[in-house]
file run.txt (compact mmCIF, C-alpha atoms and all ligand atoms)
# COMPACT_ATOMS: atom_id res chain seq x y z
CA MET P 132 -1.21 21.89 -16.98
CA THR P 133 -4.97 21.51 -17.44
CA SER P 134 -6.09 17.94 -16.64
CA PRO P 135 -6.95 17.43 -12.96
CA MET P 136 -4.24 15.81 -10.90
CA LEU P 137 -5.59 13.22 -8.51
CA LEU P 138 -2.78 12.78 -6.05
CA ASP P 139 -4.94 11.61 -3.16
CA ARG P 140 -5.22 7.83 -3.49
CA ASN P 141 -1.67 6.65 -3.95
CA GLU P 142 -2.17 5.48 -7.49
CA ASN P 143 0.91 5.12 -9.63
CA GLN P 144 0.67 8.02 -12.06
CA TYR P 145 3.09 6.55 -14.57
CA GLY P 146 0.52 3.97 -15.59
CA PRO P 147 1.09 0.33 -16.39
CA SER P 148 3.85 -1.03 -18.58
CA PRO P 149 3.23 -0.75 -22.35
CA ALA P 150 3.30 -4.56 -22.35
CA CYS P 151 -0.09 -4.47 -20.58
CA ARG P 152 -1.59 -2.44 -23.41
CA HIS P 153 -0.32 -5.02 -25.84
CA VAL P 154 -2.17 -7.77 -23.95
CA LEU P 155 -5.40 -5.77 -24.15
CA ARG P 156 -4.98 -5.11 -27.85
CA SER P 157 -4.34 -8.72 -28.68
CA ALA P 158 -6.96 -10.19 -26.33
CA ASP P 159 -8.77 -13.20 -27.70
CA LEU P 160 -12.47 -12.57 -27.09
CA HIS P 161 -13.32 -16.22 -27.49
CA GLU P 162 -11.15 -16.98 -24.48
CA LEU P 163 -13.32 -14.65 -22.43
CA SER P 164 -16.38 -16.78 -23.11
CA LEU P 165 -14.72 -19.73 -21.41
CA TYR P 166 -13.82 -20.53 -17.83
CA SER P 167 -10.17 -21.15 -17.15
CA ARG P 168 -9.07 -24.77 -17.31
CA ASP P 169 -5.83 -24.21 -15.45
CA TYR P 170 -6.95 -26.80 -12.92
CA THR P 171 -6.39 -29.51 -15.53
CA ARG P 172 -2.69 -28.67 -15.22
CA GLY P 173 -2.87 -29.09 -11.47
CA ILE P 174 -2.69 -25.37 -10.70
CA LYS P 175 -5.25 -22.81 -9.58
CA SER P 176 -4.15 -20.29 -12.18
CA GLU P 177 -1.21 -19.23 -14.28
CA LEU P 178 -0.80 -16.10 -12.19
CA SER P 179 -0.79 -17.77 -8.78
CA SER P 180 1.57 -20.38 -10.16
CA ARG P 181 3.92 -17.70 -11.47
CA LEU P 182 3.80 -15.74 -8.21
CA GLY P 183 4.49 -18.91 -6.25
CA ARG P 184 7.63 -19.57 -8.31
CA LEU P 185 8.72 -15.95 -8.07
CA LEU P 186 8.34 -15.82 -4.30
CA GLY P 187 9.40 -19.38 -3.53
CA ILE P 188 6.03 -20.25 -1.98
CA PRO P 189 3.84 -23.24 -2.92
CA GLU P 190 1.12 -22.20 -5.34
CA GLU P 191 -1.69 -23.42 -3.10
CA ARG P 192 -0.64 -20.79 -0.56
CA ILE P 193 -0.85 -17.90 -3.04
CA LEU P 194 -4.41 -16.64 -2.63
CA LEU P 195 -5.59 -14.31 -5.39
CA SER P 196 -8.19 -11.69 -4.61
CA TYR P 197 -10.05 -8.66 -5.93
CA GLY P 198 -7.35 -6.24 -4.83
CA SER P 199 -5.57 -6.76 -1.53
CA GLU P 200 -8.55 -5.00 0.07
CA ASP P 201 -10.54 -8.10 -0.69
CA MET P 202 -8.00 -10.49 0.85
CA LEU P 203 -7.89 -8.33 3.95
CA LYS P 204 -11.64 -8.55 4.19
CA GLN P 205 -11.56 -12.30 3.70
CA VAL P 206 -9.02 -12.72 6.50
CA VAL P 207 -11.14 -10.69 8.90
CA HIS P 208 -14.35 -12.46 7.89
CA CYS P 209 -12.71 -15.83 8.24
CA TYR P 210 -11.01 -15.31 11.62
CA VAL P 211 -12.83 -12.54 13.51
CA HIS P 212 -16.19 -13.00 15.20
CA LYS P 213 -18.31 -10.72 17.34
CA GLY P 214 -16.26 -9.34 20.23
CA ASP P 215 -12.93 -10.74 19.02
CA THR P 216 -9.95 -8.44 19.21
CA ILE P 217 -8.05 -6.99 16.25
CA LEU P 218 -4.79 -5.23 17.00
CA LEU P 219 -4.08 -2.49 14.50
CA PRO P 220 -2.06 0.71 14.09
CA ARG P 221 -3.67 3.87 15.39
CA GLN P 222 -2.40 5.79 12.35
CA SER P 223 -3.44 3.54 9.54
CA TRP P 224 -5.57 3.05 6.46
CA TRP P 225 -9.13 3.82 7.63
CA TYR P 226 -10.36 0.54 6.16
CA TYR P 227 -8.72 -1.52 8.93
CA LYS P 228 -10.96 0.00 11.59
CA SER P 229 -13.98 -0.20 9.37
CA LEU P 230 -13.41 -3.94 8.86
CA ALA P 231 -13.19 -4.46 12.60
CA GLU P 232 -16.53 -2.67 12.95
CA GLU P 233 -18.05 -4.64 10.11
CA LYS P 234 -17.49 -7.86 12.05
CA ASP P 235 -18.36 -6.32 15.43
CA GLY P 236 -14.78 -6.91 16.43
CA HIS P 237 -12.99 -5.05 19.17
CA ALA P 238 -10.21 -2.86 17.73
CA VAL P 239 -7.23 -2.32 20.01
CA GLU P 240 -4.83 0.27 18.67
CA TYR P 241 -1.08 0.45 18.97
CA THR P 242 0.75 3.68 18.25
CA LEU P 243 3.31 4.53 15.62
CA HIS P 244 5.75 6.91 17.26
CA GLU P 245 7.36 9.95 15.69
CA ARG P 246 11.12 9.66 15.92
CA ASN P 247 13.84 11.41 13.93
CA GLY P 248 11.60 12.66 11.17
CA GLN P 249 9.66 9.48 10.64
CA PHE P 250 7.06 7.26 12.20
CA VAL P 251 8.30 4.02 13.73
CA TYR P 252 6.76 0.81 14.99
CA ASP P 253 7.40 -0.11 18.59
CA ALA P 254 7.72 -3.90 18.64
CA ASP P 255 7.74 -4.03 22.45
CA GLU P 256 4.44 -2.18 22.63
CA ILE P 257 2.86 -4.49 20.06
CA MET P 258 4.08 -7.61 21.86
CA ALA P 259 2.94 -6.27 25.24
CA LEU P 260 -0.55 -5.63 23.82
CA TYR P 261 -0.52 -9.09 22.31
CA ASP P 262 0.30 -10.62 25.71
CA VAL P 263 -2.66 -8.81 27.28
CA HIS P 264 -5.28 -9.31 24.57
CA ILE P 265 -4.16 -12.36 22.56
CA PRO P 266 -5.90 -10.80 19.54
CA HIS P 267 -7.42 -12.95 16.85
CA VAL P 268 -5.83 -10.81 14.16
CA ILE P 269 -2.88 -8.41 14.19
CA LEU P 270 -2.49 -5.91 11.34
CA ILE P 271 0.86 -4.45 10.41
CA ALA P 272 1.41 -2.39 7.27
CA SER P 273 4.83 -1.94 5.79
CA PRO P 274 5.11 0.63 4.36
CA ASN P 275 2.20 1.96 6.35
CA ASN P 276 -0.47 4.19 4.86
CA PRO P 277 -0.57 7.15 5.53
CA THR P 278 2.65 7.49 7.53
CA GLY P 279 4.87 5.91 4.84
CA ASN P 280 7.28 4.14 7.20
CA SER P 281 8.22 0.48 7.05
CA ILE P 282 8.78 -1.81 10.00
CA GLY P 283 12.42 -2.80 10.53
CA PRO P 284 13.23 -6.44 9.70
CA ALA P 285 14.42 -7.24 13.23
CA ASP P 286 11.26 -5.81 14.82
CA LEU P 287 9.08 -7.64 12.36
CA ALA P 288 10.86 -10.93 13.03
CA ARG P 289 10.43 -10.45 16.78
CA ILE P 290 6.71 -9.76 16.48
CA VAL P 291 6.05 -12.60 14.10
CA THR P 292 7.98 -15.02 16.29
CA HIS P 293 6.28 -13.87 19.48
CA CYS P 294 2.66 -13.56 18.33
CA ILE P 295 2.05 -17.10 17.20
CA GLU P 296 -1.49 -17.44 18.52
CA SER P 297 -2.81 -14.65 16.30
CA VAL P 298 -3.31 -14.45 12.58
CA VAL P 299 -0.71 -11.86 11.65
CA VAL P 300 -1.42 -9.81 8.53
CA LEU P 301 1.53 -8.01 7.01
CA ASP P 302 0.10 -5.58 4.47
CA GLU P 303 2.75 -4.84 1.86
CA ALA P 304 0.52 -2.97 -0.58
CA TYR P 305 3.31 -0.46 -1.23
CA TYR P 306 5.94 -3.09 -1.68
CA GLY P 307 8.46 -2.35 -4.44
CA PHE P 308 8.80 1.42 -4.17
CA SER P 309 11.82 1.02 -1.91
CA LEU P 310 12.39 -2.63 -1.03
CA ASP P 311 12.29 -5.29 -3.69
CA GLY P 312 13.77 -8.46 -2.22
CA ASN P 313 11.56 -11.35 -1.21
CA ASP P 314 13.76 -13.32 1.19
CA HIS P 315 12.10 -11.85 4.28
CA LEU P 316 8.77 -13.20 3.13
CA ARG P 317 9.80 -16.87 3.02
CA GLU P 318 11.72 -16.60 6.28
CA LEU P 319 8.79 -15.04 8.12
CA LEU P 320 6.30 -17.55 6.75
CA ASP P 321 8.56 -20.35 8.00
CA VAL P 322 8.59 -18.86 11.48
CA ASN P 323 4.87 -18.14 11.87
CA HIS P 324 2.45 -20.43 10.07
CA ARG P 325 -0.44 -18.09 10.78
CA LEU P 326 1.13 -15.16 8.96
CA ILE P 327 -0.27 -13.81 5.71
CA VAL P 328 1.59 -11.26 3.61
CA LEU P 329 -0.60 -9.14 1.35
CA ARG P 330 0.57 -7.73 -1.94
CA THR P 331 -1.18 -6.02 -4.82
CA PHE P 332 -0.86 -5.06 -8.46
CA SER P 333 -2.54 -1.73 -7.68
CA LYS P 334 0.40 0.39 -6.60
CA TYR P 335 3.86 -0.54 -7.86
CA TYR P 336 2.41 -2.13 -11.01
CA ALA P 337 0.01 0.78 -11.60
CA LEU P 338 -2.96 -1.55 -12.10
CA ALA P 339 -5.38 -0.34 -9.44
CA GLY P 340 -8.31 -0.53 -11.84
CA LEU P 341 -7.55 -4.17 -12.62
CA ARG P 342 -8.31 -5.20 -9.03
CA ILE P 343 -5.76 -7.92 -8.44
CA GLY P 344 -4.17 -8.52 -5.09
CA TYR P 345 -3.00 -11.63 -3.34
CA GLY P 346 -1.99 -13.08 -0.06
CA CYS P 347 1.00 -15.33 0.63
CA ALA P 348 -0.43 -17.47 3.37
CA GLY P 349 1.34 -19.49 6.05
CA GLU P 350 0.77 -23.23 6.30
CA GLY P 351 -1.57 -22.79 9.24
CA LEU P 352 -4.15 -20.77 7.28
CA SER P 353 -5.78 -23.62 5.37
CA ARG P 354 -9.24 -22.45 6.46
CA LEU P 355 -8.57 -19.17 4.69
CA ALA P 356 -7.22 -20.99 1.64
CA THR P 357 -10.49 -22.92 1.40
CA PHE P 358 -12.57 -19.81 2.09
CA SER P 359 -10.85 -17.86 -0.69
CA ALA P 360 -10.81 -20.68 -3.27
CA ARG P 361 -12.67 -19.80 -6.46
CA TYR P 362 -13.76 -22.99 -8.12
CA LEU P 363 -14.42 -21.36 -11.50
CA GLY P 364 -11.17 -19.45 -11.57
CA PHE P 365 -10.30 -15.77 -11.79
CA ASN P 366 -10.52 -13.00 -14.37
CA ARG P 367 -8.55 -14.41 -17.27
CA LEU P 368 -7.81 -11.09 -18.92
CA SER P 369 -6.71 -9.43 -15.69
CA GLU P 370 -4.39 -12.32 -15.02
CA LYS P 371 -2.75 -11.95 -18.43
CA ILE P 372 -2.23 -8.23 -17.90
CA ALA P 373 -0.73 -8.87 -14.47
CA LEU P 374 1.63 -11.47 -15.95
CA ALA P 375 2.76 -8.98 -18.59
CA ALA P 376 3.44 -6.45 -15.84
CA LEU P 377 5.55 -8.98 -13.92
CA ASP P 378 7.60 -9.54 -17.08
CA ASP P 379 8.51 -5.88 -17.53
CA ARG P 380 10.84 -5.43 -14.59
CA ALA P 381 12.87 -2.69 -16.28
CA TYR P 382 9.83 -0.43 -16.76
CA TYR P 383 8.75 -0.65 -13.15
CA GLN P 384 12.24 -0.28 -11.73
CA GLU P 385 12.69 2.87 -13.76
CA THR P 386 9.37 4.41 -12.70
CA ALA P 387 9.97 3.52 -9.05
CA LYS P 388 13.35 5.23 -9.27
CA LYS P 389 11.76 8.41 -10.59
CA ILE P 390 9.17 8.28 -7.84
CA ARG P 391 11.90 7.94 -5.20
CA GLU P 392 13.79 10.90 -6.67
CA ASP P 393 10.73 13.13 -6.73
CA LYS P 394 9.76 12.06 -3.21
CA GLN P 395 13.14 13.32 -2.12
CA LEU P 396 12.41 16.67 -3.80
CA TYR P 397 9.13 16.99 -1.90
CA TYR P 398 10.97 16.08 1.28
CA GLU P 399 13.59 18.77 0.71
CA PHE P 400 10.98 21.30 -0.28
CA PHE P 401 8.90 20.89 2.86
CA THR P 402 11.98 20.74 5.07
CA GLU P 403 12.66 24.30 3.99
CA CYS P 404 9.13 25.54 4.61
CA GLU P 405 8.56 27.09 7.98
CA GLY P 406 6.05 25.19 10.09
CA PHE P 407 5.97 22.15 7.78
CA THR P 408 7.31 18.68 8.65
CA PRO P 409 7.68 16.04 5.96
CA PHE P 410 8.02 12.42 7.14
CA LEU P 411 10.38 9.92 5.57
CA SER P 412 8.45 7.46 3.44
CA ASP P 413 9.18 4.14 1.72
CA ALA P 414 6.01 4.32 -0.35
CA ASN P 415 4.85 6.33 -3.39
CA PHE P 416 3.48 9.10 -1.22
CA ILE P 417 4.71 11.49 1.41
CA LEU P 418 2.98 12.59 4.60
CA VAL P 419 3.46 16.24 5.53
CA ARG P 420 2.44 18.05 8.70
CA TYR P 421 1.37 21.63 8.01
CA PRO P 422 0.43 24.59 10.22
CA VAL P 423 -3.19 23.71 10.88
CA HIS P 424 -4.51 27.22 10.25
CA MET P 425 -3.26 26.91 6.66
CA ARG P 426 -5.55 24.06 5.72
CA GLN P 427 -8.04 26.14 3.80
CA THR P 428 -5.33 28.10 2.01
CA LEU P 429 -3.61 24.93 0.96
CA GLU P 430 -6.71 23.01 0.02
CA GLN P 431 -8.23 25.88 -1.90
CA GLY P 432 -4.98 26.92 -3.54
CA LEU P 433 -4.25 23.42 -4.75
CA THR P 434 -7.82 22.84 -5.91
CA GLU P 435 -7.77 26.06 -7.93
CA HIS P 436 -4.80 24.64 -9.79
CA GLY P 437 -6.54 21.31 -10.41
CA ILE P 438 -4.53 19.42 -7.78
CA THR P 439 -6.15 17.05 -5.29
CA VAL P 440 -4.14 15.72 -2.36
CA LYS P 441 -5.43 13.99 0.74
CA PHE P 442 -6.07 16.13 3.82
CA LEU P 443 -6.41 13.69 6.66
CA ASP P 444 -9.31 13.86 9.07
CA ASP P 445 -8.05 11.06 11.28
CA PRO P 446 -7.76 12.60 14.81
CA ALA P 447 -4.19 11.33 15.13
CA LEU P 448 -3.12 13.13 11.94
CA ARG P 449 -5.56 15.98 11.59
CA ASP P 450 -2.81 18.46 10.70
CA CYS P 451 -1.30 16.29 7.98
CA MET P 452 -1.72 15.92 4.25
CA ARG P 453 -0.65 13.01 2.13
CA ILE P 454 0.62 13.67 -1.35
CA THR P 455 0.87 10.90 -3.90
CA ILE P 456 4.10 11.26 -5.84
CA GLY P 457 3.19 11.82 -9.47
CA THR P 458 5.06 11.79 -12.72
CA ARG P 459 8.04 14.08 -13.02
CA GLU P 460 5.95 16.63 -14.90
CA GLN P 461 3.17 16.54 -12.32
CA ASP P 462 5.59 16.87 -9.42
CA ARG P 463 7.29 19.88 -10.94
CA TYR P 464 3.93 21.51 -11.35
CA VAL P 465 2.70 20.71 -7.84
CA LEU P 466 5.92 21.97 -6.30
CA SER P 467 5.78 25.20 -8.26
CA VAL P 468 2.16 25.74 -7.19
CA LEU P 469 3.10 25.07 -3.56
CA ASP P 470 6.06 27.36 -3.86
CA GLY P 471 3.81 30.18 -5.08
CA LEU P 472 1.22 29.54 -2.38
CA LEU P 473 3.64 29.35 0.49
CA SER P 474 5.75 32.29 -0.52
CA ARG P 475 2.60 34.44 -0.70
CA HIS P 476 1.92 33.45 2.89
CA GLY P 477 5.36 34.38 4.14
CA ARG P 478 6.74 30.87 4.53
CA VAL P 479 10.45 30.38 3.88
CA ARG P 480 11.04 30.14 0.18
CA PRO P 481 12.56 26.82 -0.66
CA ALA P 482 15.30 26.48 -3.22
CA LEU P 483 13.60 24.89 -6.17
CA THR P 484 16.57 25.03 -8.45
CA THR P 485 16.49 21.33 -9.31
CA MET P 486 12.79 21.43 -10.14
CA ARG P 487 13.14 24.47 -12.35
CA GLN P 488 15.87 23.13 -14.56
C1 LIG K 1 -2.26 -0.02 3.17
C2 LIG K 1 -3.15 -0.43 2.05
N1 LIG K 1 -3.44 -1.72 1.92
C3 LIG K 1 -4.24 -2.17 0.94
C4 LIG K 1 -4.79 -1.28 0.04
C5 LIG K 1 -5.74 -1.83 -1.01
O1 LIG K 1 -5.26 -1.83 -2.28
P1 LIG K 1 -5.89 -2.74 -3.39
O2 LIG K 1 -7.20 -3.27 -2.90
O3 LIG K 1 -6.05 -1.87 -4.56
O4 LIG K 1 -4.94 -3.87 -3.61
C6 LIG K 1 -4.52 0.09 0.13
C7 LIG K 1 -5.11 1.05 -0.83
O5 LIG K 1 -4.89 2.21 -0.84
C8 LIG K 1 -3.69 0.52 1.17
O6 LIG K 1 -3.38 1.81 1.33
call {"tool": "encode", "arguments": {"input": "run.txt", "output": "structure tokens"}}
result
Amino acid sequence: MTSPMLLDRNENQYGPSPACRHVLRSADLHELSLYSRDYTRGIKSELSSRLGRLLGIPEERILLSYGSEDMLKQVVHCYVHKGDTILLPRQSWWYYKSLAEEKDGHAVEYTLHERNGQFVYDADEIMALYDVHIPHVILIASPNNPTGNSIGPADLARIVTHCIESVVVLDEAYYGFSLDGNDHLRELLDVNHRLIVLRTFSKYYALAGLRIGYGCAGEGLSRLATFSARYLGFNRLSEKIALAALDDRAYYQETAKKIREDKQLYYEFFTECEGFTPFLSDANFILVRYPVHMRQTLEQGLTEHGITVKFLDDPALRDCMRITIGTREQDRYVLSVLDGLLSRHGRVRPALTTMRQ
């Protein structure tokens, strides 16, 4: 395998549905010279309208954005001012803390705890911190990056019901790789009107370069709805591609299934390697703790074979690497490279029989 394998940013290596390519090929350039006139039909856009119907949420509360990163930023810029508190996970996507800094906010961290081979949220701890700080914004990611765990539905419901004075952001960027129902979303938005659930086309739909994300906002976030409104509409071509992706359910269900199967292979592989601990993940990546003295060996060995994975520098996870699950072919290759590397260093040889077939 010669082309470099970038397995460090949780992109979906299978690529978008062929239906997306068809949209690009048949794009009408003339349309691109015009603004959207969807407003004449009483909607913001075809895409937000479609998402609203799909999720059972009024269209005006579907807020499109330039990736979910952008909606996250808009929430923080809309609701956090100098000195305000943001409650966020200690082990999380680095961008959360950077946003808090950007607005001179005060980040208070809650911990994800390691239990039974995975990281877990502690709802009691989050609610206790809420009672003390009454934060302006609370961030919860499910599945969380980089730990890969989701928050249990009962815990989530408790937090959302309890923390009604905060804007609660539920970041579901990795939605679809394990869970694909939407009932929880409507129920939670009914309970807490200051909740916003973030989703994206970047991960499950393999359209990271398209930059489309969105928030499903509670009724009480009208200030955000106004803040995020784009009078002249969105990117018309990107919207069409996203709509085509939504239509091809079979393609994405199939690729997500392959990703789940390969994730299980990585899990089994690392379980059999001495000194390594893989964590259960609901996303398209897996977090693995490794013997810290092996960092250079691993990093160098993988790089020599054209493989890039993410070695975390976050103090809470300094001895962990995060591997994006690739295509079947990529995963076979990565596992065989790892097998070679680790066996040379006297680690227990895992049984790779399934991968070698
Ligand atoms: C937890 C989480 N949320 C949001 C995002 C942003 O994704 P995008 O802006 O592409 O929608 C990422 C990207 O890696 C992420 O890990």
call {"tool": "residues_near_ligand", "arguments": {"input": "run.txt", "ligand": "ligand LIG 1 (chain K)", "cutoff": "7 Å", "atoms": "all atoms listed in the file", "output": "ChimeraX atom specification"}}
result
/P:140-141,197-201,224,272,275-276,302-304,330-333,339,342-344
call {"tool": "closest_residue", "arguments": {"input": "run.txt", "among": "P:Leu338, P:Leu466, P:Val206, P:Ala360", "to": "P:Tyr398", "atoms": "only C-alpha atoms"}}
result
P:Leu466
call {"tool": "closest_residue", "arguments": {"input": "run.txt", "among": "P:Thr357, P:Asn313, P:Thr216, P:Gln144", "to": "P:Lys389", "atoms": "only C-alpha atoms"}}
result
P:Gln144
call {"tool": "residues_around", "arguments": {"input": "run.txt", "residues": "P:Ala356", "least_positions_apart": "6", "cutoff": "8 Å", "atoms": "only C-alpha atoms", "output": "ChimeraX atom specification"}}
result
/P:191-192,194,348
call {"tool": "closest_residue", "arguments": {"input": "run.txt", "among": "P:Arg317, P:Arg380, P:Arg367, P:His264", "to": "P:Glu296", "atoms": "only C-alpha atoms"}}
result
P:His264
call {"tool": "residues_around", "arguments": {"input": "run.txt", "residues": "P:Gly351", "least_positions_apart": "4", "cutoff": "12 Å", "atoms": "all atoms listed in the file", "output": "ChimeraX atom specification"}}
result
/P:192,295-299,320-327,347,355-357
call {"tool": "closest_residue", "arguments": {"input": "run.txt", "among": "P:Pro266, P:Pro149, P:Gly346, P:Gly437", "to": "P:Leu218", "atoms": "only C-alpha atoms"}}
result
P:Pro266
call {"tool": "closest_residue", "arguments": {"input": "run.txt", "among": "P:Phe365, P:Asp445, P:Thr402, P:His315", "to": "P:Ala288", "atoms": "only C-alpha atoms"}}
result
P:His315
call {"tool": "build_atoms", "arguments": {"input": "run.txt", "residues": "stretch 444-453 of chain P", "atoms": "all heavy atoms", "output": "CSV table (one decimal), in the coordinates of the input"}}
result
chain,number,residue,atom,x,y,z
P,444,ASP,N,-8.4,13.5,8.0
P,444,ASP,CA,-9.3,13.9,9.1
P,444,ASP,C,-9.2,13.0,10.3
P,444,ASP,O,-9.8,13.2,11.3
P,444,ASP,CB,-10.8,13.8,8.5
P,444,ASP,CG,-11.0,14.9,7.5
P,444,ASP,OD1,-10.6,16.0,7.8
P,444,ASP,OD2,-11.5,14.6,6.4
P,445,ASP,N,-8.3,11.9,10.2
P,445,ASP,CA,-8.0,11.1,11.3
P,445,ASP,C,-7.5,11.9,12.5
P,445,ASP,O,-6.6,12.7,12.3
P,445,ASP,CB,-6.9,10.1,10.8
P,445,ASP,CG,-6.5,9.1,11.8
P,445,ASP,OD1,-6.6,9.4,13.0
P,445,ASP,OD2,-6.1,8.0,11.4
P,446,PRO,N,-8.2,11.7,13.7
P,446,PRO,CA,-7.8,12.6,14.8
P,446,PRO,C,-6.3,12.6,15.1
P,446,PRO,O,-5.7,13.6,15.5
P,446,PRO,CB,-8.5,12.0,16.0
P,446,PRO,CG,-9.6,11.1,15.4
P,446,PRO,CD,-9.2,10.8,14.0
P,447,ALA,N,-5.6,11.4,14.8
P,447,ALA,CA,-4.2,11.3,15.1
P,447,ALA,C,-3.3,12.1,14.1
P,447,ALA,O,-2.2,12.4,14.4
P,447,ALA,CB,-3.8,9.9,15.1
P,448,LEU,N,-3.9,12.5,13.0
P,448,LEU,CA,-3.1,13.1,11.9
P,448,LEU,C,-3.9,14.3,11.3
P,448,LEU,O,-3.8,14.5,10.1
P,448,LEU,CB,-2.7,12.1,10.9
P,448,LEU,CG,-1.9,10.9,11.3
P,448,LEU,CD1,-1.8,9.8,10.2
P,448,LEU,CD2,-0.5,11.4,11.6
P,449,ARG,N,-4.7,15.0,12.1
P,449,ARG,CA,-5.6,16.0,11.6
P,449,ARG,C,-4.8,17.2,10.9
P,449,ARG,O,-5.4,17.9,10.1
P,449,ARG,CB,-6.5,16.5,12.7
P,449,ARG,CG,-7.7,17.2,12.2
P,449,ARG,CD,-8.7,17.5,13.2
P,449,ARG,NE,-9.5,16.4,13.6
P,449,ARG,CZ,-9.8,16.1,14.9
P,449,ARG,NH1,-9.2,16.7,15.9
P,449,ARG,NH2,-10.6,15.1,15.1
P,450,ASP,N,-3.6,17.4,11.3
P,450,ASP,CA,-2.8,18.5,10.7
P,450,ASP,C,-1.8,17.9,9.6
P,450,ASP,O,-0.8,18.5,9.4
P,450,ASP,CB,-2.1,19.2,11.8
P,450,ASP,CG,-1.2,18.3,12.7
P,450,ASP,OD1,-1.3,17.1,12.5
P,450,ASP,OD2,-0.5,18.8,13.5
P,451,CYS,N,-2.2,16.9,9.0
P,451,CYS,CA,-1.3,16.3,8.0
P,451,CYS,C,-2.0,16.1,6.6
P,451,CYS,O,-3.2,15.9,6.6
P,451,CYS,CB,-0.8,14.9,8.4
P,451,CYS,SG,0.3,14.9,9.8
P,452,MET,N,-1.2,16.2,5.6
P,452,MET,CA,-1.7,15.9,4.2
P,452,MET,C,-0.8,14.9,3.6
P,452,MET,O,0.4,14.8,4.0
P,452,MET,CB,-1.8,17.2,3.4
P,452,MET,CG,-0.5,17.8,3.1
P,452,MET,SD,-0.7,19.3,2.1
P,452,MET,CE,0.9,20.1,2.2
P,453,ARG,N,-1.4,14.1,2.8
P,453,ARG,CA,-0.6,13.0,2.1
P,453,ARG,C,-0.7,13.3,0.6
P,453,ARG,O,-1.7,13.4,0.0
P,453,ARG,CB,-1.3,11.7,2.4
P,453,ARG,CG,-0.5,10.4,2.0
P,453,ARG,CD,-1.3,9.2,2.1
P,453,ARG,NE,-2.4,9.3,1.1
P,453,ARG,CZ,-3.6,8.6,1.2
P,453,ARG,NH1,-3.8,7.7,2.1
P,453,ARG,NH2,-4.5,8.8,0.3
